Each structure stands twice: as C-alpha cells, then as structure tokens.
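Participant: The structure file my_file10.cif (mmCIF, C-alpha atoms) is provided below.
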```cif
data_target
#
loop_
_atom_site.label_atom_id
_atom_site.label_comp_id
_atom_site.auth_asym_id
_atom_site.auth_seq_id
_atom_site.Cartn_x
_atom_site.Cartn_y
_atom_site.Cartn_z
CA MET A 888 -19.69 -5.35 15.67
CA PHE A 889 -16.47 -4.25 17.36
CA PRO A 890 -14.44 -5.98 18.53
CA LEU A 891 -14.80 -8.29 15.54
CA LYS A 892 -13.03 -11.65 15.77
CA ILE A 893 -11.20 -12.41 12.52
CA PHE A 894 -9.53 -15.74 13.31
CA LYS A 895 -8.35 -17.80 16.28
CA PHE A 896 -4.59 -17.79 16.77
CA LYS A 897 -2.59 -20.96 16.80
CA LYS A 898 0.07 -20.86 19.52
CA LEU A 899 2.93 -19.83 17.21
CA GLU A 900 0.76 -17.26 15.41
CA GLU A 901 -0.17 -15.67 18.72
CA GLN A 902 3.50 -15.45 19.68
CA VAL A 903 4.36 -13.91 16.29
CA PHE A 904 1.60 -11.32 16.64
CA ASP A 905 2.47 -10.36 20.21
CA LYS A 906 6.21 -10.13 19.55
CA TYR A 907 6.46 -8.71 16.03
CA PHE A 908 3.21 -6.95 15.17
CA ALA A 909 1.68 -5.52 18.35
CA GLU A 910 3.11 -2.21 19.50
CA SER A 911 3.76 -1.28 23.13
CA ASP A 912 0.06 -0.46 23.59
CA GLY A 913 -0.93 -3.94 22.41
CA ASN A 914 -2.36 -2.65 19.12
CA PHE A 915 -1.39 -3.48 15.56
CA TYR A 916 -2.18 -0.61 13.17
CA PHE A 917 -2.67 -1.52 9.51
CA GLU A 918 -2.89 1.35 7.04
CA GLY A 919 -3.23 2.02 3.34
CA MET A 920 -3.46 5.22 1.31
CA TRP A 921 -3.92 5.90 -2.41
CA PHE A 922 -4.27 9.04 -4.49
CA ARG A 923 -5.70 8.87 -8.00
CA ASN A 924 -6.59 11.77 -10.24
CA GLN A 925 -6.68 12.77 -13.88
CA ARG A 926 -3.72 14.69 -15.20
CA PRO A 927 -1.68 14.74 -18.44
CA GLU A 928 1.12 12.62 -16.95
CA ASN A 929 -1.19 9.66 -16.28
CA LYS A 930 -3.62 9.95 -19.20
CA ASN A 931 -3.15 6.30 -20.22
CA GLN A 932 -4.46 5.17 -16.84
CA SER A 933 -6.85 8.02 -16.02
CA PHE A 934 -8.36 8.94 -19.43
CA TYR A 935 -7.38 12.57 -18.95
CA VAL A 936 -8.29 14.61 -22.03
CA ASP A 937 -8.16 18.27 -21.02
CA GLU A 938 -9.06 20.60 -18.14
CA THR A 939 -12.66 19.36 -18.25
CA THR A 940 -11.52 15.88 -17.13
CA LYS A 941 -10.21 16.35 -13.59
CA ARG A 942 -11.69 13.50 -11.61
CA ARG A 943 -10.06 12.74 -8.25
CA ARG A 944 -10.42 9.77 -5.91
CA TYR A 945 -8.52 9.57 -2.62
CA PHE A 946 -8.72 6.54 -0.36
CA HIS A 947 -7.40 5.94 3.16
CA PHE A 948 -7.93 3.16 5.67
CA TYR A 949 -6.56 2.74 9.17
CA ASN A 950 -7.56 -0.42 11.02
CA THR A 951 -6.62 -1.35 14.59
CA TYR A 952 -6.22 -4.96 15.69
CA GLN A 953 -5.62 -6.63 19.04
CA ASN A 954 -5.16 -10.08 20.49
CA ILE A 955 -8.42 -10.56 22.39
CA ASP A 956 -8.78 -13.89 24.19
CA GLY A 957 -6.58 -15.61 21.64
CA TYR A 958 -8.36 -14.12 18.61
CA PHE A 959 -6.96 -11.72 16.03
CA SER A 960 -9.62 -9.05 16.42
CA LEU A 961 -10.51 -5.82 14.65
CA THR A 962 -11.17 -3.30 17.42
CA SER A 963 -11.69 -0.11 15.43
CA THR A 964 -11.76 1.15 11.87
CA TYR A 965 -11.45 4.30 9.80
CA ILE A 966 -12.09 4.24 6.06
CA TYR A 967 -12.21 7.45 4.05
CA VAL A 968 -13.22 7.76 0.39
CA SER A 969 -13.21 11.17 -1.27
CA ASN A 970 -14.59 11.47 -4.80
CA THR A 971 -14.39 14.69 -6.79
CA LEU A 972 -16.40 14.09 -9.94
CA LYS A 973 -18.82 15.69 -12.34
CA LYS A 974 -21.98 16.52 -10.41
CA GLU A 975 -24.16 14.08 -12.30
CA GLU A 976 -21.63 11.31 -11.58
CA ASN A 977 -21.60 12.08 -7.87
CA LYS A 978 -25.39 12.19 -7.86
CA ARG A 979 -25.52 8.64 -9.21
CA TYR A 980 -22.80 7.63 -6.74
CA LEU A 981 -24.84 8.95 -3.80
CA ASN A 982 -28.03 7.32 -5.04
CA ARG A 983 -26.33 3.93 -5.14
CA ILE A 984 -24.99 4.39 -1.60
CA GLU A 985 -28.28 5.59 -0.17
CA LYS A 986 -30.06 2.49 -1.48
CA LYS A 987 -27.62 0.34 0.52
CA LEU A 988 -28.14 2.28 3.75
CA LYS A 989 -31.58 0.79 4.39
CA ASN A 990 -30.33 -1.24 7.39
CA PHE A 991 -28.61 1.78 8.94
CA LYS A 992 -30.29 4.19 11.34
CA LYS A 993 -30.02 7.85 10.36
CA ILE A 994 -28.95 9.78 13.48
CA ASN A 995 -28.48 13.23 11.93
CA ASP A 996 -28.33 14.93 8.53
CA ASN A 997 -25.16 13.19 7.41
CA THR A 998 -24.54 10.26 9.78
CA TYR A 999 -25.88 6.71 9.71
CA GLU A 1000 -25.40 4.05 12.37
CA PHE A 1001 -25.32 0.24 12.34
CA GLU A 1002 -24.53 -1.32 15.72
CA ASN A 1003 -21.30 0.55 16.68
CA LEU A 1004 -20.36 1.50 13.12
CA TRP A 1005 -20.89 4.94 11.61
CA VAL A 1006 -21.18 6.03 8.01
CA ILE A 1007 -20.77 9.78 7.52
CA ILE A 1008 -21.48 11.46 4.19
CA ASN A 1009 -20.31 15.01 3.48
CA LYS A 1010 -21.00 16.91 0.26
CA TYR A 1011 -18.97 19.91 -0.89
CA GLU A 1012 -19.25 22.25 -3.83
CA ASN A 1013 -15.60 23.10 -3.15
CA HIS A 1014 -13.78 20.74 -0.81
CA PRO A 1015 -12.22 22.62 2.17
CA LYS A 1016 -8.88 20.87 1.56
CA ASN A 1017 -8.62 22.03 -2.06
CA LYS A 1018 -6.80 25.14 -0.91
CA ILE A 1019 -3.83 23.29 0.63
CA ALA A 1020 -3.61 21.14 -2.48
CA ASN A 1021 -3.86 24.20 -4.73
CA ALA A 1022 -6.58 22.29 -6.61
CA VAL A 1023 -9.15 23.95 -8.84
CA PHE A 1024 -11.97 22.04 -10.53
CA PRO A 1025 -14.50 22.87 -13.25
CA LYS A 1026 -17.81 24.39 -12.15
CA ASP A 1027 -19.72 21.21 -12.96
CA TYR A 1028 -17.68 19.23 -10.40
CA ASN A 1029 -18.30 18.65 -6.71
CA THR A 1030 -17.04 16.32 -3.97
CA VAL A 1031 -18.61 13.56 -1.92
CA ASP A 1032 -16.71 12.30 1.13
CA VAL A 1033 -17.69 9.01 2.75
CA ILE A 1034 -16.26 8.19 6.17
CA ILE A 1035 -16.79 4.71 7.60
CA CYS A 1036 -15.61 4.48 11.18
CA SER A 1037 -16.17 3.05 14.62
CA LYS A 1038 -18.75 4.96 16.64
CA ASN A 1039 -17.31 8.17 18.17
CA TYR A 1040 -13.96 7.61 16.43
CA ASP A 1041 -11.69 10.67 16.59
CA TYR A 1042 -10.60 10.56 12.97
CA LYS A 1043 -9.58 14.19 12.45
CA PRO A 1044 -5.80 13.60 12.94
CA LEU A 1045 -5.90 10.84 10.31
CA TYR A 1046 -8.05 12.95 7.99
CA ASP A 1047 -5.62 15.88 8.22
CA ARG A 1048 -2.56 13.65 7.79
CA MET A 1049 -3.95 12.09 4.64
CA TRP A 1050 -4.58 15.47 3.08
CA GLU A 1051 -1.11 16.68 4.05
CA HIS A 1052 0.37 13.53 2.55
CA SER A 1053 -1.64 14.08 -0.64
CA THR A 1054 0.42 17.19 -1.38
CA LYS A 1055 3.68 15.24 -1.77
CA LEU A 1056 5.21 15.49 -5.21
CA PHE A 1057 3.43 13.55 -7.95
CA ARG A 1058 5.52 10.49 -8.81
CA ILE A 1059 6.48 10.33 -12.46
CA PRO A 1060 7.81 6.86 -13.37
CA GLY A 1061 11.53 6.83 -14.05
CA LYS A 1062 12.94 6.34 -17.52
CA ARG A 1063 14.43 2.96 -18.29
CA ASP A 1064 18.03 2.86 -19.50
CA ASN A 1065 20.13 -0.12 -20.63
CA PRO A 1066 21.29 -2.11 -17.60
CA THR A 1067 23.73 -4.99 -17.85
CA TYR A 1068 22.10 -8.40 -17.64
CA ILE A 1069 24.40 -10.80 -15.82
CA LYS A 1070 24.29 -14.58 -16.13
CA SER A 1071 26.07 -15.71 -12.98
CA VAL A 1072 26.01 -14.84 -9.30
CA LYS A 1073 29.81 -14.78 -9.50
CA GLU A 1074 29.53 -11.39 -11.21
CA ILE A 1075 27.99 -10.01 -8.01
CA LEU A 1076 30.84 -11.15 -5.72
CA PRO A 1077 33.10 -8.09 -6.35
CA TYR A 1078 30.26 -5.86 -5.09
CA LEU A 1079 29.90 -7.46 -1.66
CA PRO A 1080 29.20 -6.69 1.10
CA ALA A 1081 25.90 -5.18 0.10
CA GLN A 1082 23.01 -3.47 1.75
CA VAL A 1083 19.59 -4.80 0.76
CA GLU A 1084 16.30 -3.29 -0.37
CA MET A 1085 13.50 -5.83 -0.14
CA GLY A 1086 10.62 -5.53 -2.57
CA CYS A 1087 7.28 -7.31 -2.72
CA GLY A 1088 8.54 -10.31 -4.71
CA PRO A 1089 9.83 -12.30 -1.71
CA SER A 1090 6.60 -11.69 0.21
CA ILE A 1091 4.46 -12.86 -2.70
CA GLU A 1092 6.45 -16.11 -2.67
CA ALA A 1093 5.64 -16.39 1.05
CA GLY A 1094 1.91 -16.36 0.29
CA ILE A 1095 1.14 -12.68 0.81
CA ALA A 1096 -1.04 -11.20 -1.91
CA PRO A 1097 0.58 -8.72 -4.31
CA LEU A 1098 -0.33 -5.07 -3.94
CA TYR A 1099 -2.61 -5.17 -6.95
CA GLU A 1100 -5.09 -7.29 -4.99
CA MET A 1101 -5.52 -4.41 -2.55
CA HIS A 1102 -5.89 -2.08 -5.53
CA GLU A 1103 -8.82 -4.19 -6.70
CA THR A 1104 -10.32 -4.55 -3.21
CA TYR A 1105 -10.35 -0.80 -2.59
CA LYS A 1106 -11.13 0.13 -6.20
CA VAL A 1107 -7.89 1.96 -6.83
CA GLN A 1108 -6.74 0.59 -10.16
CA ASN A 1109 -7.70 -2.25 -12.49
CA HIS A 1110 -5.01 -4.91 -12.50
CA GLN A 1111 -5.64 -6.05 -16.05
CA THR A 1112 -6.19 -2.73 -17.86
CA LYS A 1113 -4.18 -0.51 -15.45
CA LYS A 1114 -7.04 2.01 -15.60
CA PHE A 1115 -8.04 4.00 -12.51
CA TYR A 1116 -11.48 3.40 -11.00
CA PHE A 1117 -13.60 6.55 -11.18
CA ALA A 1118 -17.31 7.38 -10.92
CA ASP A 1119 -19.59 4.55 -12.06
CA ASP A 1120 -16.73 2.03 -11.89
CA ASP A 1121 -16.25 2.69 -8.16
CA ASP A 1122 -18.62 0.43 -6.22
CA PHE A 1123 -16.49 0.06 -3.07
CA VAL A 1124 -18.86 1.75 -0.59
CA GLU A 1125 -22.04 0.13 -1.85
CA LYS A 1126 -20.44 -3.34 -1.82
CA PHE A 1127 -19.18 -2.72 1.71
CA LEU A 1128 -22.62 -1.65 2.93
CA GLU A 1129 -24.20 -4.88 1.69
CA ASN A 1130 -22.41 -6.80 4.46
CA PRO A 1131 -19.99 -4.76 6.63
CA GLU A 1132 -18.88 -7.69 8.80
CA LYS A 1133 -18.08 -9.89 5.81
CA SER A 1134 -16.23 -6.96 4.24
CA PHE A 1135 -14.07 -6.40 7.32
CA ILE A 1136 -13.14 -10.08 7.44
CA TYR A 1137 -12.11 -9.87 3.79
CA PHE A 1138 -10.15 -6.63 4.32
CA SER A 1139 -8.29 -8.36 7.18
CA LYS A 1140 -7.01 -11.15 4.94
CA THR A 1141 -3.74 -9.38 4.15
CA PRO A 1142 -2.68 -8.80 7.78
CA GLU A 1143 -3.89 -12.33 8.58
CA ASN A 1144 -1.65 -13.73 5.83
CA CYS A 1145 1.28 -11.64 7.10
CA ILE A 1146 0.92 -13.16 10.58
CA LYS A 1147 0.55 -16.69 9.22
CA ALA A 1148 3.39 -16.40 6.68
CA LYS A 1149 6.51 -18.46 7.15
CA PRO A 1150 9.98 -17.79 5.73
CA THR A 1151 10.46 -19.39 2.32
CA LYS A 1152 13.56 -21.18 1.07
CA GLY A 1153 14.67 -17.86 -0.40
CA TYR A 1154 14.35 -16.09 2.96
CA LYS A 1155 16.33 -18.85 4.67
CA ILE A 1156 19.14 -18.50 2.13
CA PHE A 1157 19.02 -14.73 2.62
CA GLN A 1158 19.37 -15.18 6.40
CA LYS A 1159 22.44 -17.41 6.00
CA LEU A 1160 24.10 -14.92 3.66
CA TYR A 1161 23.35 -12.11 6.10
CA GLU A 1162 24.85 -14.07 8.98
CA LYS A 1163 28.00 -14.68 6.90
CA GLY A 1164 28.37 -10.94 6.27
CA TYR A 1165 27.58 -10.84 2.56
CA PHE A 1166 24.67 -8.55 3.41
CA VAL A 1167 25.04 -5.99 6.19
CA GLY A 1168 23.14 -3.32 8.05
CA THR A 1169 19.47 -2.45 8.18
CA ILE A 1170 17.25 -4.04 5.53
CA LEU A 1171 15.29 -1.39 3.65
CA ASN A 1172 11.92 -3.09 3.39
CA ASN A 1173 8.89 -2.22 1.26
CA ASN A 1174 6.88 -4.98 2.96
CA PHE A 1175 4.97 -5.11 6.24
CA ASP A 1176 5.02 -8.87 6.93
CA ARG A 1177 7.83 -8.71 9.51
CA LEU A 1178 9.52 -11.78 7.98
CA VAL A 1179 12.91 -10.04 8.08
CA LYS A 1180 12.35 -8.88 11.65
CA ARG A 1181 11.48 -12.46 12.65
CA MET A 1182 14.99 -13.50 11.60
CA ASN A 1183 16.36 -11.02 14.17
CA ILE A 1184 17.60 -8.72 11.41
CA ASP A 1185 17.03 -4.99 11.74
CA GLU A 1186 14.65 -3.56 9.15
CA LYS A 1187 13.36 -0.13 8.16
CA ILE A 1188 9.85 -0.28 6.74
CA LEU A 1189 9.72 2.15 3.82
CA ARG A 1190 5.97 2.05 3.21
CA THR A 1191 5.01 4.94 5.50
CA TYR A 1192 2.24 7.51 5.18
CA ASN A 1193 3.83 10.69 6.36
CA LYS A 1194 4.79 13.45 3.94
CA LYS A 1195 8.02 14.20 5.81
CA THR A 1196 9.29 10.60 5.65
CA TYR A 1197 7.75 9.37 2.38
CA ILE A 1198 11.13 9.84 0.71
CA PRO A 1199 13.45 8.68 3.52
CA LYS A 1200 17.01 9.88 3.81
CA VAL A 1201 18.98 6.64 3.62
CA LYS A 1202 22.27 6.34 5.45
CA PHE A 1203 24.10 3.44 3.87
CA GLU A 1204 26.40 1.26 5.95
CA LYS A 1205 30.08 2.09 5.92
CA GLY A 1206 32.05 -0.18 3.61
CA VAL A 1207 29.15 -1.48 1.48
CA LYS A 1208 29.82 -1.69 -2.23
CA SER A 1209 26.32 -2.12 -3.58
CA LEU A 1210 22.59 -2.02 -3.01
CA ILE A 1211 20.97 -5.33 -3.91
CA CYS A 1212 17.26 -5.06 -4.66
CA PHE A 1213 15.21 -8.22 -4.31
CA GLY A 1214 11.91 -8.04 -6.17
CA CYS A 1215 11.73 -4.22 -6.32
CA HIS A 1216 9.90 -3.20 -9.47
CA ALA A 1217 10.06 0.59 -9.07
CA ASP A 1218 12.05 3.07 -6.98
CA ARG A 1219 8.99 4.72 -5.46
CA ARG A 1220 10.86 5.97 -2.40
CA GLN A 1221 14.12 6.75 -4.23
CA VAL A 1222 16.32 4.30 -2.36
CA GLU A 1223 18.09 3.16 -5.53
CA LYS A 1224 18.55 6.76 -6.65
CA GLN A 1225 20.26 7.58 -3.36
CA ALA A 1226 22.44 4.47 -3.67
CA ARG A 1227 23.72 5.60 -7.07
CA GLU A 1228 24.40 9.07 -5.69
CA ALA A 1229 26.43 7.42 -2.89
CA GLY A 1230 28.57 5.64 -5.51
CA LEU A 1231 27.10 2.17 -4.93
CA LYS A 1232 26.43 -0.39 -7.62
CA VAL A 1233 22.69 -1.11 -7.89
CA ILE A 1234 21.95 -4.78 -8.51
CA TYR A 1235 18.46 -6.13 -9.16
CA ILE A 1236 17.67 -9.76 -8.50
CA ASP A 1237 14.32 -10.05 -10.20
CA PRO A 1238 12.80 -12.43 -12.79
CA GLU A 1239 10.98 -9.50 -14.45
CA CYS A 1240 7.84 -11.59 -14.55
CA PHE A 1241 5.33 -13.23 -12.24
CA ILE A 1242 3.06 -16.25 -12.40
CA GLU A 1243 -0.69 -15.65 -12.48
CA ASP A 1244 -3.26 -18.41 -13.01
CA GLY A 1245 -0.44 -20.71 -14.05
CA GLN A 1246 0.76 -18.31 -16.75
CA ILE A 1247 3.99 -16.32 -16.86
CA VAL A 1248 3.27 -12.59 -17.12
CA GLU A 1249 6.08 -10.24 -18.12
CA TYR A 1250 6.80 -7.50 -15.57
CA PRO A 1251 9.89 -5.49 -16.58
CA LEU A 1252 11.71 -3.38 -14.02
CA GLU A 1253 10.56 0.21 -14.31
CA ALA A 1254 13.79 2.19 -14.55
CA PRO A 1255 17.08 0.36 -14.15
CA GLN A 1256 19.98 2.56 -15.24
CA LYS A 1257 22.98 2.09 -17.52
CA ASN A 1258 25.47 0.95 -14.87
CA ASP A 1259 23.03 -1.27 -12.96
CA PHE A 1260 23.12 -5.07 -12.98
CA VAL A 1261 20.03 -7.25 -13.47
CA TYR A 1262 20.15 -10.91 -12.49
CA GLN A 1263 16.92 -12.53 -13.68
CA GLN A 1264 16.25 -15.03 -10.94
CA PHE A 1265 13.31 -15.76 -8.65
CA PHE A 1266 14.04 -15.00 -5.03
#
```
Any chance you could put this one into structure tokens?
Facilitator:
Amino acid sequence: MFPLKIFKFKKLEEQVFDKYFAESDGNFYFEGMWFRNQRPENKNQSFYVDETTKRRRYFHFYNTYQNIDGYFSLTSTYIYVSNTLKKEENKRYLNRIEKKLKNFKKINDNTYEFENLWVIINKYENHPKNKIANAVFPKDYNTVDVIICSKNYDYKPLYDRMWEHSTKLFRIPGKRDNPTYIKSVKEILPYLPAQVEMGCGPSIEAGIAPLYEMHETYKVQNHQTKKFYFADDDDFVEKFLENPEKSFIYFSKTPENCIKAKPTKGYKIFQKLYEKGYFVGTILNNNFDRLVKRMNIDEKILRTYNKKTYIPKVKFEKGVKSLICFGCHADRRQVEKQAREAGLKVIYIDPECFIEDGQIVEYPLEAPQKNDFVYQQFF
C-alpha cells in the first residue's frame, strides 16, 4: 500500500511542492487534531445533560507525503481515534469495527495487518492518559483507542504530543459586542500600514475546501446541525476499513488542492498592496496552502499542534496602526485580542456569509468588539 501514489504532478505543481511544501528532508507533513467532549459549556453541540453524560472523542492524523518519481505520494500514516463512551456504546462500536476487519490478518491480541498497514485496538477501563487530563468518568464508561498506522510506525511521540495538547485550556467562544460597520475602504486608510491575519475565507475562494468538510470527513462535527459526532453516529473507522486505499486518496484531497491552488484575484490585489507598503511584516496565517509564501511574503502559520505554541505570542511590526483580518471568523489563537492589547485597531474584511449549493448562508463574525471595524466585502 505504501508508498501510495495520489496524483501525478504537472511540472508547475511539482515545482510548487518541492519549493513550498517539502521540508529539508523531502517530506511534507500534513496534520489535524480535534478534541470533542461533553461539558456544560458546549451542551448545545454535545447534548451534555449532567455528570452522567461525559462522552469524549479525540482524533489525530499525521500523514507524510513525498514526491516519488513525479507523483504526490503518501509514504506513511498515523490516525488515532479515542472514544470514551458508555460501555454498551463502545461495545457496539467495537462490533461494527470487527465486522470490517475480515480482510485483515490478526497478528496478535490487538493488532491487525493489511499489506503494510496496521490497525491496533486498545481497550481501557480507565485510560492511562486520564490522569494528566485530570479526567474522571462514570463507572459505566470505558475507552476504545483505534490506531491506524504504517507497519512498524513509531507513533508514541505523536500519541504523547496529542495528549499533552489536549490539556490546553478549553476555548469558550468570545462574546460579540457592537462593532462599527463601515461602508467605504476610505475609512480604513487612516489605519494603514497594517499587519494582516489571514483566515480561511481567501483559501476557500482559491478552491480549498472549508474546514467543515474535514469535520465531516473525520466525524468531528455535523456541519448542518453543529452537533458533535459521538457513539453510534461515529462511523469513521468502519468506513475507512471498507476500502483503505480509496479512503487515503480521499483524505489526501485537501493537500492536493493546496498544491494545485492558484492565487485568486483577491490574492493578487493583496500582493500589490503589500508591495506598496499598505500591509507590512509577517502575515499571520490560519491556512496551510502556502499561497502567501508563494508570493515571496513571509508568513507565520498559526494552525499548529503544540500546547506551548497554540496561543502564539505575536510581536507586531513597529509603526503598524491596525490588524486587518481577512476572512477570520473567530479569534481561536487570540491574535486579535493581542492586537487590541497593543493598541491597534482591529478591522475585519469579511462578508459574514458564504455561498453553499448556490445559496447565501449567513455566517456572522464570532466576537468583534466595540471599537472594531467590519467591512462586509468578499476577499
């Protein structure tokens, strides 16, 4: 199975991958991590009722890609799904998985093999990482961990890092205040030069799927209802086991789209404004498509999975008057909060909606504050 060829590079795509995505070792590492549980603060999404409803689902993937003979190729994988549920729910979960393992060879009590892919299943009455998370569950709960990885993969450093990252502070959405809605770009001119935080909006316009598609793929959260996937609603592993190769090709669609993406009209305008000095310094980027980097503009990717850097300490450029946020719905990594503390004007350029299936769907900014500006334009 590995290496698994995903697609054949065109000449320009190969150059983009080698120059902007591959690290010094020739590998491109693509990672995602989500933590979902039931608690009072998220009861509308998790269906938390009381201390008897404490379901938890953690998900982590870490895929490695290389350019092999002109093909974008998956060379190794690590996928980790940890479900802490009521025992009867986990029993049903395991039964569904075991039915799909018929094409896998069982090599020991908890490990199954298909070609050079392993599936490892661990069951715990009390998960060994509960102590570091200070987590206590009802007696009728247990945990099932499923690890999908390349054969002989040394996943322990990733496993430990995910659990360390899981102990970061729980993010409570900010409270929305009454920002000033401006009608003309001329109202922004007194607040230039600006530093920029780039959100997902510009990347969506460049053809890269919004984050909610990954939420659906990995059974994190339902896009329509906003509800978390728990227990019987979580069919990720069993669907994967039906056709692992097809699944990996599908999982690789997002990095493939990042490599194939081209700067939009909005990005080209952004580049010209940067070159003229209206925007300065490092771009604080929530995206991983390297479109900013490809314009020879320095960027800091904010979407990292390390507890120590999850909330980065931002050093704003000397002389900037504002932080302009393009398509940033929520201040998950507290960049805007730090900008306000530094005395900068926070300006959102965001339509507060998106188009889905030809329909306009409202998507208000999460927590703009009283002195912020909002300019409702598409990037």
Participant: Suppose a student applies the PyMOL selection byres ((chain A and resi 1212) around 12) to this structure; what residues should they get, written as an MDAnalysis selection string?
Facilitator: chainID A and resid 1081:1089 1166 1170:1173 1209:1211 1213:1218 1222:1223 1226 1232:1238 1252 1255 1259:1264 1266
Participant: Write out as a ChimeraX atom specification the residues lying within 12 Å of A:Ser1139, counting all atoms listed in the file and excluding same-chain residues fewer than 3 positions away.
Facilitator: /A:891-894,915-918,948-952,959-962,964,1096,1101,1104,1132-1136,1142-1146
Participant: To verify the selection step, state as a tab-separated table (two decimals) with C-alpha atoms, keeping the file's coordinate frame which residues the PyMOL selection byres ((chain A and resi 922) around 10) yields on this input.
Facilitator:
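Result file is selection.tsv:
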```
chain	number	residue	atom	x	y	z
A	920	MET	CA	-3.46	5.22	1.31
A	921	TRP	CA	-3.92	5.90	-2.41
A	923	ARG	CA	-5.70	8.87	-8.00
A	924	ASN	CA	-6.59	11.77	-10.24
A	943	ARG	CA	-10.06	12.74	-8.25
A	944	ARG	CA	-10.42	9.77	-5.91
A	945	TYR	CA	-8.52	9.57	-2.62
A	946	PHE	CA	-8.72	6.54	-0.36
A	947	HIS	CA	-7.40	5.94	3.16
A	969	SER	CA	-13.21	11.17	-1.27
A	1049	MET	CA	-3.95	12.09	4.64
A	1050	TRP	CA	-4.58	15.47	3.08
A	1052	HIS	CA	0.37	13.53	2.55
A	1053	SER	CA	-1.64	14.08	-0.64
A	1054	THR	CA	0.42	17.19	-1.38
A	1057	PHE	CA	3.43	13.55	-7.95
A	1107	VAL	CA	-7.89	1.96	-6.83
```
Participant: Just give me the residues with any atom within 12 Å of (22.1, -3.1, 8.7), file coordinates, counting all atoms listed in the file, written as a PyMOL selection string.
Facilitator: chain A and resi 1080-1084+1161-1162+1164-1172+1179-1180+1183-1187+1201-1207+1210
Participant: Given the PyMOL selection byres ((chain A and resi 971-988) around 8) and the file above, list the residues it selects as a list in words.
Facilitator: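 Applied to this file, the PyMOL selection byres ((chain A and resi 971-988) around 8) returns Lys941, Arg942, Arg943, Arg944, Ser969, Asn970, Lys989, Asn990, Phe991, Tyr999, Asp1027, Tyr1028, Asn1029, Thr1030, Val1031, Ala1118, Asp1119, Val1124, Glu1125, Leu1128 and Glu1129 of chain A.
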Participant: Mind giving me the straight-line distance from atom CA of A:Glu938 to atom CA of A:Gln925 in Å, one decimal?
Facilitator: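 Between these atoms lies a distance of 9.2 Å.
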Participant: Quick check, in Å to one decimal: how far apart do atom CA of A:Met1182 and atom CA of A:Glu901 lie?
Facilitator: 16.9 Å
Participant: Could you tell me how far atom CA of A:Gln1256 sits from atom CA of A:Asn1065, in Å to one decimal place?
Facilitator: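 Rounded to one decimal, the two atoms are 6.0 Å apart.
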Participant: Which residue out of A:Tyr1105, A:Phe1024, A:Tyr1078, A:Tyr1116 has the minimum interatomic distance to A:Gln932 when all atoms listed in the file are used?
Facilitator: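 Counting all atoms listed in the file, the residue closest to A:Gln932 is A:Tyr1116.
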Participant: Residues at most 12 Å from A:Lys992, counting only C-alpha atoms, excluding those fewer than 6 positions away in the same chain, as a VMD selection string?
Facilitator: chain A and resid 985 998 to 1007
Participant: Centre and edge lengths, as lines of an AutoDock Vina configuration file, for the axis-aligned box enclosing every listed atom of stretch 1229-1244 of chain A with 6 Å of padding on each of the six sides, in Å to one decimal?
Facilitator:
```
center_x = 12.7
center_y = -5.5
center_z = -8.7
size_x = 43.8
size_y = 37.8
size_z = 23.7
```
Participant: Smallest atom-to-atom distance to A:Ser963: which of A:Pro890, A:Ile1035, A:Pro927, A:Tyr907, using all atoms listed in the file?
Facilitator: A:Pro890
Participant: In terms of the shortest atom-to-atom distance over all atoms listed in the file, which of A:Lys1070, A:Lys1163, A:Asn954, A:Gln1221 is closest to A:Arg1190?
Facilitator: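 Ranked by minimum distance to A:Arg1190, first place goes to A:Gln1221.
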Participant: Name the closest residue to A:Thr1112 among the candidates A:Ser1090, A:Arg1219, A:Gln902, A:Asn931; distances are taken between atoms, counting all atoms listed in the file.
Facilitator: A:Asn931
Participant: Could you check the closest approach to A:Phe934 for each of A:Ser911, A:Ile1059, A:Glu1012, A:Lys1113 and tell me which residue wins, using all atoms listed in the file?
Facilitator: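 Closest residue, counting all atoms listed in the file: A:Lys1113.
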Participant: Of the residues A:Gln1225, A:Asp1244, A:Tyr1046, A:Asp956, which is the one nearest to A:Lys897, using all atoms listed in the file?
Facilitator: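 Of A:Gln1225, A:Asp1244, A:Tyr1046, A:Asp956, the one nearest A:Lys897 is A:Asp956, counting all atoms listed in the file.
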Participant: Can you find the residues with an atom no farther than 12 Å from (-2.1, -4.8, -14.3), counting only C-alpha atoms, and report them as a PyMOL selection string?
Facilitator: chain A and resi 932+1097-1100+1102-1103+1107-1115+1241+1243+1248-1250
